[in-house]
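Below is one structure, written out as structure tokens; the observations come after it.
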Amino acid sequence: MTTETAAGQENIAEVVQKEVERTIQRSVRGIDVLLNRDEPDVGMTPKDVIYSRGTLRLYHYRPQSDEVYRIPVVLVMSLVSKPYILDLTPGVSFVEFLLKQGFDVFMIDWGVPRPEDSKLKLEDYTLDFIPSCIERVQAETEETDVSIIGYCMGGVLSLIYGGLFADAPMANLVCIATPVDYEGMGLFKQWSDPRWCDVDRIVDTLGNIPPELMYRSFEMLRPADRLVAYVRLWDNLWNDQYVKHYRLFNKWTSDQIPFPGECFRQTTKDLMWANKLMKGELTVGERIVDVKQIECPVLNLMAQHDHIAPYDATHKLTQLVSSEDKEDVVLKGGHVSLVAGMNAVTRLWPKVNEWLSVRSV
């Protein structure tokens, strides 16, 4: 046997041994994932509830740096998903990142709507809940102005809030994956067409829109994604880090919440059908939403491969405001990976810090 042959056999043996070990690890971890053993903890960044009302909770996160920027940051979440996507787990938490950069961070968590919350409308969120939370932040920090970061529909609510109050104390506004032009909503626009979507019947029958309905509608935008995710998981079951991240994201995407019925009816008719926010025709509580009133610095962050809030629906946001200091940024990623995961760690998070830090002193 030659030296080269012996070396080749040793290399083959190493490859086989490595694959055997990975197969064993796949089997063990596959059972853990299937049975949902040791479910990952989420939303672990230390915080205090400083205001509550119904299901709403206003969190104040405890500082993690010696020096803190003067202007506090308020995170405004979507109505259709839980907020821990911004605070997944230590080391993969946008909230934790902001705290370590020296920001004073608050979050509005809308909670899980109860049956009686089906009557909530845009008026409740933008004329009542958000202003009340901002007042509590002002009292807590003794600062007049705040920076608002809105994710997805949280960005829409933030824009409407700014368009309703000419004196809104917004020092800065950061919108992430925020649709404003609903003509660009792709399949969502087609599915909600009034010719076959009887929104009145849906809301009158169901009250709150079940989370299963919302989740399946997101899933149907890319029906092969779940199968592809399973294949990738199998290929990487031996990888601790990959499995951990898969379970974190899978937990969040499967953990959807009901959409308050009246708000669903209102957003479907006024935003999706009539595109009133884009046209400047939206009224909330009999008050016109004049987004042109927003003059503070605005950062509009979009994902290149966002199938939920596509570029066609998000890129005109800065055209609606009167701000002189405004910026559009398109980053690689999807609707979720834009704000969470390793993609966000290296792209969106540093951009937000770079942009917001110089405007927060």
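How things are named: the first chain in the structure tokens is A, the next is B, and so on; residues count from 1 in each chain; ligands count from 1 in the order shown.
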
So which residues touch region 266-280 of chain A within 9 Å, counting only C-alpha atoms, skipping near sequence neighbours fewer than 6 positions away, as a list of chain:residue names?
->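 My list of contacting residues is A:Lys121, A:Leu122, A:Ile160, A:Val180, A:Asp181, A:Tyr182, A:Glu183, A:Met185, A:Phe188, A:Lys189, A:Ser192, A:Asp193, A:Pro194, A:Val199, A:Ile288, A:Val289, A:Asp290, A:Val291, A:Lys292, A:Lys316, A:Leu317, A:Leu320.
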
Using DSSP on the backbone coordinates, identify the residues of region 56-297 of chain A assigned to strand (DSSP E or B); present them as JSON, numbers by chain.
-> {"A": [56, 57, 58, 59, 60, 61, 73, 74, 75, 76, 89, 92, 105, 106, 107, 108, 109, 146, 147, 148, 149, 150, 151, 170, 171, 172, 173, 174, 175, 176, 209, 259, 283, 284, 287, 288]}

Write out as a tab-separated table the residues of region 61-128 of chain A that have any atom within 8 Å of an atom of region 135-155 of chain A, one row each with the nearest atom pair and its distance in Å to one decimal, counting only C-alpha atoms, sorted by chain and then rising number.
```
residue	atom	partner	partner_atom	distance
A:Arg70	CA	A:Glu143	CA	7.7
A:Ile71	CA	A:Val146	CA	5.6
A:Pro72	CA	A:Val146	CA	5.2
A:Val73	CA	A:Ser147	CA	4.7
A:Val74	CA	A:Ile148	CA	4.9
A:Leu75	CA	A:Ile149	CA	4.9
A:Val76	CA	A:Gly150	CA	4.7
A:Met77	CA	A:Gly154	CA	4.5
A:Ser78	CA	A:Gly154	CA	4.3
A:Leu79	CA	A:Met153	CA	6.7
A:Phe106	CA	A:Val137	CA	7.7
```

Can you tell me, as a PyMOL selection string, what residues are no more than 7 Å from region 50-59 of chain A when counting only C-alpha atoms, ignoring any on the same chain fewer than 5 positions away?
-> chain A and resi 106-113+133

Residue selection dump (C-alpha atoms) as a short mmCIF file (atom, residue, chain, number, x, y, z; two decimals), in the first residue's frame:
```cif
data_model
loop_
_atom_site.label_atom_id
_atom_site.label_comp_id
_atom_site.auth_asym_id
_atom_site.auth_seq_id
_atom_site.Cartn_x
_atom_site.Cartn_y
_atom_site.Cartn_z
CA PHE A 106 -38.89 51.90 26.16
CA MET A 107 -41.30 49.58 24.35
CA ILE A 108 -45.06 49.62 23.79
CA ASP A 109 -46.33 46.04 23.96
CA TRP A 110 -49.97 45.89 22.86
CA GLY A 111 -50.48 42.47 24.42
CA VAL A 112 -52.83 39.74 23.22
CA PRO A 113 -56.28 41.13 22.35
CA CYS A 133 -47.42 56.10 26.68
#
```

Would you mind listing what lies within 10 Å of Gly186 (chain A) as a list of chain:residue names, with only C-alpha atoms counted and same-chain residues fewer than 2 positions away left out?
->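 The neighbour list is A:Tyr182, A:Glu183, A:Gly184, A:Phe188, A:Lys189, A:Gln190, A:Trp191, A:Leu221, A:His307, A:Ile308, A:Ala309, A:Pro310, A:Asp312, A:Ala313.
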
Can you list, as a ChimeraX atom specification, every protein, DNA or RNA residue that comes within 12 Å of Leu98 (chain A) when you count only C-alpha atoms, leaving out same-chain residues fewer than 3 positions away?
-> /A:45,61-65,68-69,72-75,86-87,91-95,101-106,149,345,348-354,356-357

Which one of A:Arg359, A:Met214, A:Thr89, A:Glu116 sits closest to Thr253 (chain A) if you count only C-alpha atoms?
->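 Using only C-alpha atoms, Thr253 (chain A) sits closest to A:Met214.
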
Asp306 (chain A) surroundings by only C-alpha atoms, 12 Å radius, close-in-sequence under 3 positions cut, as number ranges by chain = A: 152, 176-179, 184-186, 218, 221-222, 301-303, 309-315, 330-339

Just list the residues in region 222-295 of chain A DSSP gives alpha helix (DSSP H) on the backbone, as a VMD selection string.
-> chain A and resid 225 to 235 240 to 253 261 to 266 276 to 279

Kindly indicate which residue among A:Val358, A:Ile294, A:Glu286, A:Cys263 lies nearest to Asp167 (chain A), using only C-alpha atoms for the distances.
->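 Closest residue, counting only C-alpha atoms: A:Ile294.
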